[in-house]
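Visitor: Structure file model_14.txt (compact mmCIF, C-alpha atoms) right here:
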```
# COMPACT_ATOMS: atom_id res chain seq x y z
CA MET A 77 0.00 0.00 0.00
CA LYS A 78 1.31 3.41 -0.98
CA THR A 79 2.22 5.71 1.90
CA SER A 80 0.37 9.01 1.93
CA ALA A 81 2.21 12.33 1.84
CA PHE A 82 0.90 13.09 5.32
CA ASP A 83 2.37 9.84 6.67
CA GLN A 84 5.66 10.55 4.91
CA ILE A 85 5.88 13.95 6.58
CA THR A 86 4.92 12.42 9.93
CA THR A 87 7.60 9.75 9.55
CA ALA A 88 10.28 12.29 8.62
CA VAL A 89 9.42 14.41 11.65
CA GLY A 90 9.11 11.43 13.98
CA LYS A 91 12.40 9.81 13.00
CA SER A 92 14.36 13.04 13.35
CA THR A 93 12.81 14.26 16.60
CA SER A 94 15.50 13.13 19.03
CA THR A 95 18.36 14.47 16.93
CA LEU A 96 16.67 17.73 15.93
CA VAL A 97 15.35 18.67 19.39
CA SER A 98 18.58 17.72 21.18
CA ALA A 99 20.75 19.56 18.64
CA SER A 100 18.50 22.65 18.70
CA PHE A 101 18.62 22.84 22.49
CA PHE A 102 22.40 22.42 22.48
CA PHE A 103 22.89 25.15 19.87
CA LEU A 104 20.66 27.46 21.91
CA LEU A 105 22.81 26.70 24.96
CA ALA A 106 26.02 27.23 22.99
CA TYR A 107 24.72 30.50 21.53
CA GLN A 108 23.42 32.11 24.72
CA ARG A 109 25.47 30.31 27.40
CA ASP A 110 23.68 32.19 30.15
CA ALA A 111 22.51 30.91 33.52
CA VAL A 112 18.83 30.71 32.52
CA ILE A 113 19.41 28.47 29.50
CA LEU A 114 21.85 26.33 31.47
CA THR A 115 19.28 25.93 34.26
CA LEU A 116 16.62 24.92 31.73
CA TRP A 117 19.04 22.40 30.22
CA ILE A 118 19.70 20.87 33.65
CA GLY A 119 15.94 20.58 34.12
CA SER A 120 15.57 18.82 30.77
CA ILE A 121 18.21 16.25 31.74
CA LEU A 122 16.54 15.59 35.11
CA ASN A 123 13.21 15.25 33.30
CA ALA A 124 14.74 12.68 30.93
CA VAL A 125 16.25 10.73 33.83
CA LEU A 126 12.90 10.74 35.62
CA SER A 127 11.19 9.27 32.55
CA LYS A 128 13.63 6.34 32.54
CA VAL A 129 13.16 5.74 36.28
CA VAL A 130 9.36 5.78 36.01
CA LYS A 131 9.54 3.40 33.04
CA LYS A 132 11.57 0.94 35.09
CA ILE A 133 9.12 1.14 37.98
CA LEU A 134 5.93 0.78 35.92
CA ASN A 135 7.37 -1.65 33.33
CA HIS A 136 4.31 -1.06 31.14
CA GLU A 137 4.36 -3.09 27.91
CA ARG A 138 4.68 -1.40 24.55
CA PRO A 139 2.22 -2.21 21.74
CA ALA A 140 2.51 -5.77 20.43
CA ALA A 141 2.54 -4.41 16.86
CA LEU A 142 6.01 -2.98 17.47
CA GLN A 143 7.65 -6.39 17.14
CA ASP A 144 6.18 -6.85 13.66
CA ASN A 145 7.24 -3.40 12.46
CA ASP A 146 10.32 -3.91 10.26
CA LYS A 147 10.74 -0.14 9.83
CA VAL A 148 11.88 0.22 13.45
CA LYS A 149 15.38 -1.28 13.49
CA LEU A 150 16.31 -0.42 17.07
CA LYS A 151 13.41 -1.92 19.00
CA PRO A 152 13.35 -0.78 22.64
CA SER A 153 13.30 -3.47 25.31
CA ASP A 154 12.23 -1.17 28.15
CA GLY A 155 8.66 -0.32 29.12
CA GLY A 156 6.59 2.24 27.29
CA MET A 157 4.94 4.16 30.14
CA PRO A 158 5.50 7.08 30.06
CA SER A 159 6.81 7.99 26.62
CA SER A 160 10.25 9.58 27.08
CA HIS A 161 9.86 11.50 23.83
CA ALA A 162 6.52 12.91 24.97
CA MET A 163 7.97 13.90 28.34
CA SER A 164 10.93 15.63 26.69
CA LEU A 165 8.79 17.41 24.10
CA GLY A 166 6.36 18.54 26.79
CA PHE A 167 9.15 19.76 29.04
CA ILE A 168 11.34 21.47 26.45
CA GLY A 169 8.43 23.03 24.57
CA THR A 170 7.04 24.49 27.78
CA VAL A 171 10.27 25.84 29.27
CA ILE A 172 11.41 27.37 25.98
CA THR A 173 8.03 28.98 25.35
CA GLU A 174 7.59 30.29 28.89
CA GLY A 175 11.20 30.87 29.85
CA VAL A 176 12.94 32.07 26.68
CA ILE A 177 10.47 33.33 24.06
CA PRO A 178 9.40 36.99 24.47
CA LEU A 179 5.82 37.39 25.67
CA GLU A 180 4.52 38.81 22.38
CA TYR A 181 5.69 35.74 20.43
CA ARG A 182 4.72 33.03 22.91
CA PHE A 183 1.36 32.13 21.39
CA VAL A 184 2.81 31.59 17.91
CA ALA A 185 5.87 29.77 19.24
CA GLY A 186 3.76 27.57 21.50
CA LEU A 187 1.41 26.71 18.64
CA ALA A 188 4.33 25.81 16.36
CA MET A 189 5.89 23.58 19.03
CA ALA A 190 2.55 21.91 19.71
CA MET A 191 2.09 21.13 16.02
CA TYR A 192 5.61 19.72 15.81
CA ALA A 193 5.00 17.56 18.89
CA ALA A 194 1.71 16.32 17.41
CA PHE A 195 3.50 15.08 14.26
CA ALA A 196 6.35 13.52 16.23
CA LEU A 197 4.06 11.70 18.65
CA ARG A 198 1.62 10.58 15.96
CA TYR A 199 4.56 8.78 14.37
CA ARG A 200 5.37 6.99 17.62
CA VAL A 201 1.77 5.87 18.18
CA SER A 202 0.20 5.30 14.76
CA LEU A 203 3.10 4.50 12.42
CA ALA A 204 5.98 3.07 14.44
CA HIS A 205 3.78 1.56 17.19
CA LEU A 206 6.39 2.46 19.79
CA HIS A 207 3.76 3.64 22.27
CA THR A 208 0.07 3.57 23.02
CA SER A 209 -1.86 6.82 23.05
CA GLU A 210 -2.12 6.52 26.85
CA GLN A 211 1.67 6.28 27.22
CA VAL A 212 2.15 9.39 25.11
CA THR A 213 -0.59 11.31 26.94
CA VAL A 214 0.90 10.51 30.35
CA GLY A 215 4.35 11.50 29.07
CA LEU A 216 3.09 14.86 27.82
CA VAL A 217 1.25 15.62 31.05
CA LEU A 218 4.31 14.73 33.15
CA GLY A 219 6.63 16.72 30.89
CA VAL A 220 4.51 19.86 30.98
CA GLY A 221 3.95 19.49 34.72
CA ASN A 222 7.68 19.06 35.35
CA ALA A 223 8.38 22.11 33.20
CA LEU A 224 5.99 24.33 35.12
CA ALA A 225 7.42 23.11 38.42
CA TRP A 226 10.98 23.72 37.19
CA LEU A 227 10.14 27.22 36.02
CA LYS A 228 8.63 28.00 39.43
CA PHE A 229 11.14 26.33 41.74
CA GLY A 230 14.22 25.76 39.58
CA VAL A 231 14.35 29.11 37.84
CA GLY A 232 12.09 30.89 40.34
CA ASP A 233 12.29 34.61 40.86
CA GLY A 234 16.02 34.70 41.50
CA ASN A 235 15.80 33.67 45.15
CA ALA A 236 18.93 32.26 46.76
CA ARG A 237 17.50 28.74 47.02
CA SER A 238 16.70 28.31 43.34
CA VAL A 239 18.76 26.18 40.95
CA LEU A 240 19.25 29.30 38.84
CA SER A 241 20.98 31.01 41.76
CA TRP A 242 23.26 28.00 42.24
CA VAL A 243 24.10 27.98 38.52
CA GLN A 244 24.91 31.70 38.62
CA ASN A 245 27.25 31.18 41.57
CA ASN A 246 28.97 28.00 40.40
CA LEU A 247 28.71 27.32 36.67
CA VAL A 248 28.94 30.64 34.86
CA SER A 249 31.67 33.27 34.88
CA ALA A 250 31.29 35.95 37.54
CA GLU A 251 32.68 38.51 35.07
CA THR A 252 30.65 37.69 31.95
CA GLY A 253 27.73 35.70 33.36
CA LEU A 254 28.34 33.10 30.64
CA PHE A 255 29.05 29.38 30.60
CA PRO A 256 32.58 28.89 29.16
CA TYR A 257 32.94 27.51 25.62
CA SER A 258 35.54 25.06 26.90
CA ALA A 259 32.90 23.36 29.08
CA LEU A 260 30.33 22.79 26.31
CA ALA A 261 31.63 19.26 25.80
CA VAL A 262 30.05 18.33 29.15
CA PRO A 263 26.43 18.89 28.00
CA VAL A 264 27.20 16.97 24.80
CA VAL A 265 28.45 13.90 26.65
CA ILE A 266 25.65 13.99 29.22
CA GLY A 267 23.06 14.44 26.48
CA ILE A 268 24.36 11.42 24.55
CA LEU A 269 24.37 9.24 27.66
CA VAL A 270 20.96 10.29 28.97
CA VAL A 271 18.89 11.21 25.92
CA GLY A 272 20.55 9.35 23.06
CA SER A 273 19.28 5.84 23.90
CA PHE A 274 22.88 4.99 24.69
CA GLU A 275 22.05 2.02 26.90
CA ARG A 276 19.65 0.69 24.26
CA ARG A 277 22.32 0.80 21.57
CA ILE A 278 24.85 -0.89 23.82
CA ALA A 279 22.34 -3.65 24.60
CA LEU A 280 21.63 -4.17 20.89
CA TRP A 281 25.36 -4.27 20.13
CA MET A 282 25.95 -6.88 22.85
CA LYS A 283 22.99 -8.92 21.63
CA ASN A 284 24.27 -8.88 18.04
CA ARG A 285 27.76 -9.75 19.20
CA GLY A 286 26.42 -12.66 21.23
CA THR A 287 24.49 -13.91 18.20
CA LYS A 288 27.62 -13.83 16.05
CA ASP A 289 29.61 -15.68 18.69
CA ASP A 290 26.97 -18.42 18.80
```
So, in terms of structure tokens, how does the structure I just supplied come out?

Guide:
Amino acid sequence: MKTSAFDQITTAVGKSTSTLVSASFFFLLAYQRDAVILTLWIGSILNAVLSKVVKKILNHERPAALQDNDKVKLKPSDGGMPSSHAMSLGFIGTVITEGVIPLEYRFVAGLAMAMYAAFALRYRVSLAHLHTSEQVTVGLVLGVGNALAWLKFGVGDGNARSVLSWVQNNLVSAETGLFPYSALAVPVVIGILVVGSFERRIALWMKNRGTKDD
């Protein structure tokens, strides 16, 4: 059966989501290098870690159709609840819209991010069968909720107990208020380990190696 143009667009967006969103966030961090963006990045990493922990605890099965989908080469072996992609999209979209975008552009930016997320998550539910709609919905709700909590308590209003205050005092230059270029390798490595399905790729490599040895 011929794939529709809409499905082709959805697939292109869905397959590139991890790389595009991660790279865009990193380039924003590298461009601005200020305490606010760095604090938002820390929040996004903690949000990603939380999604993996909750998955382990719930161990909710992914759709059975995933195993029959030959288009998904790297099939995840972990649970599907909540969707890590949905949590990350919900978190990053919210903190960027509310914490970075100027007020007069927030509606348009938020709408654009919501449309992008809709395409990306439709791919994961309807085309790749990586998640159920419930797993994606829970991921989005958790991601947005975490983002709002992080904006309130992590970024806060500049109080001394906020994460932003700690970042200002410990991670950025006192003279320039910027994160040093020489330290940008740290977010790259952490992002690959936490967000890049690193453990999944290692597991697949070990499985393939074991098969060859047999």

Visitor: With distances taken over only C-alpha atoms, which of A:Pro263, A:Gly119, A:Gly219, A:Gly253 is nearest to Pro158 of chain A?

Guide: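 With only C-alpha atoms as the atom set, the closest residue is A:Gly219.
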
Visitor: Can you work out which one of A:His207, A:Arg198, A:Lys128, A:Lys147 has the shortest atom-to-atom distance to Ser164 of chain A, counting only C-alpha atoms?

Guide: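 Closest to Ser164 of chain A of all the choices is A:Lys128.
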
Visitor: Report, in Å with one decimal, the straight-line distance from atom CA of Ala225 of chain A to atom CA of Leu104 of chain A.

Guide: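 Computed distance, atom CA of Ala225 of chain A to atom CA of Leu104 of chain A, equals 21.6 Å.
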
Visitor: Could you please determine the separation between atom CA of Asn123 of chain A and atom CA of Phe103 of chain A in Å, to one decimal place?

Guide: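 Separation of atom CA of Asn123 of chain A and atom CA of Phe103 of chain A: 19.3 Å.
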
Visitor: Would you tabulate, counting all atoms listed in the file, all residues of segment 160-266 of chain A that have an atom at most 8 Å from an atom of segment 88-100 of chain A, showing the closest pair of atoms and their distance in Å to one decimal, sorted by chain then ascending number, as JSON lines?

Guide:
```
{"residue": "A:His161", "atom": "CA", "partner": "A:Ser94", "partner_atom": "CA", "distance": 7.6}
{"residue": "A:Tyr192", "atom": "CA", "partner": "A:Val89", "partner_atom": "CA", "distance": 7.7}
{"residue": "A:Phe195", "atom": "CA", "partner": "A:Val89", "partner_atom": "CA", "distance": 6.5}
{"residue": "A:Ala196", "atom": "CA", "partner": "A:Gly90", "partner_atom": "CA", "distance": 4.1}
{"residue": "A:Leu197", "atom": "CA", "partner": "A:Gly90", "partner_atom": "CA", "distance": 6.9}
{"residue": "A:Arg198", "atom": "CA", "partner": "A:Gly90", "partner_atom": "CA", "distance": 7.8}
{"residue": "A:Tyr199", "atom": "CA", "partner": "A:Gly90", "partner_atom": "CA", "distance": 5.3}
{"residue": "A:Arg200", "atom": "CA", "partner": "A:Gly90", "partner_atom": "CA", "distance": 6.9}
```

Visitor: So which residues are close to (26.4, 24.7, 22.6), meaning at most 12 Å away in the file's coordinates with all atoms listed in the file counted, and can you show them as a count of residues only?

Guide: 29

Visitor: Taking into account all atoms listed in the file, which residue in the set A:Ala124, A:Ile85, A:Met191, A:Leu227 is nearest to Leu269 of chain A?

Guide: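 Of A:Ala124, A:Ile85, A:Met191, A:Leu227, the one nearest Leu269 of chain A is A:Ala124, counting all atoms listed in the file.
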
Visitor: Considering all atoms listed in the file, state which residue in the set A:Gly155, A:Asn145, A:Glu174, A:Val271 is at the smallest distance from Lys132 of chain A.

Guide: A:Gly155

Visitor: By how many Å are atom CA of Gly169 of chain A and atom CA of Asp83 of chain A apart?

Guide: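 Between atom CA of Gly169 of chain A and atom CA of Asp83 of chain A the gap is 23.0 Å.
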
Visitor: Taking 5 positions as the minimum chain separation for residues in the same chain, which residues sit within 7 Å of segment 140-143 of chain A when counting all atoms listed in the file? Answer as a VMD selection string.

Guide: chain A and resid 204 to 206

Visitor: I'd like the contact shell of Glu137 of chain A - 10 Å cut-off, only C-alpha atoms, skipping same-chain residues fewer than 3 positions apart - returned as a ChimeraX atom specification.

Guide: /A:131,134,140,153-157,207-208,211

Visitor: Report, as JSON, the axis-aligned box around all atoms of segment 238-249 of chain A present in the file, extended by 5 Å on each side; give centre and edge lengths in Å to one decimal place.

Guide:
```
{"center_x": 24.2, "center_y": 29.7, "center_z": 39.1, "size_x": 25.0, "size_y": 17.1, "size_z": 18.5}
```

Visitor: A:Leu216, A:Ile133, A:Pro152, A:Asp146: which is nearest Ile168 of chain A, counting only C-alpha atoms?

Guide: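 Of all the options, A:Leu216 lies closest to Ile168 of chain A.
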
Visitor: Can you list, as a ChimeraX atom specification, every protein, DNA or RNA residue that comes within 9 Å of Val231 of chain A when you count all atoms listed in the file, leaving out same-chain residues fewer than 6 positions away?

Guide: /A:112,115-116,175,238-241
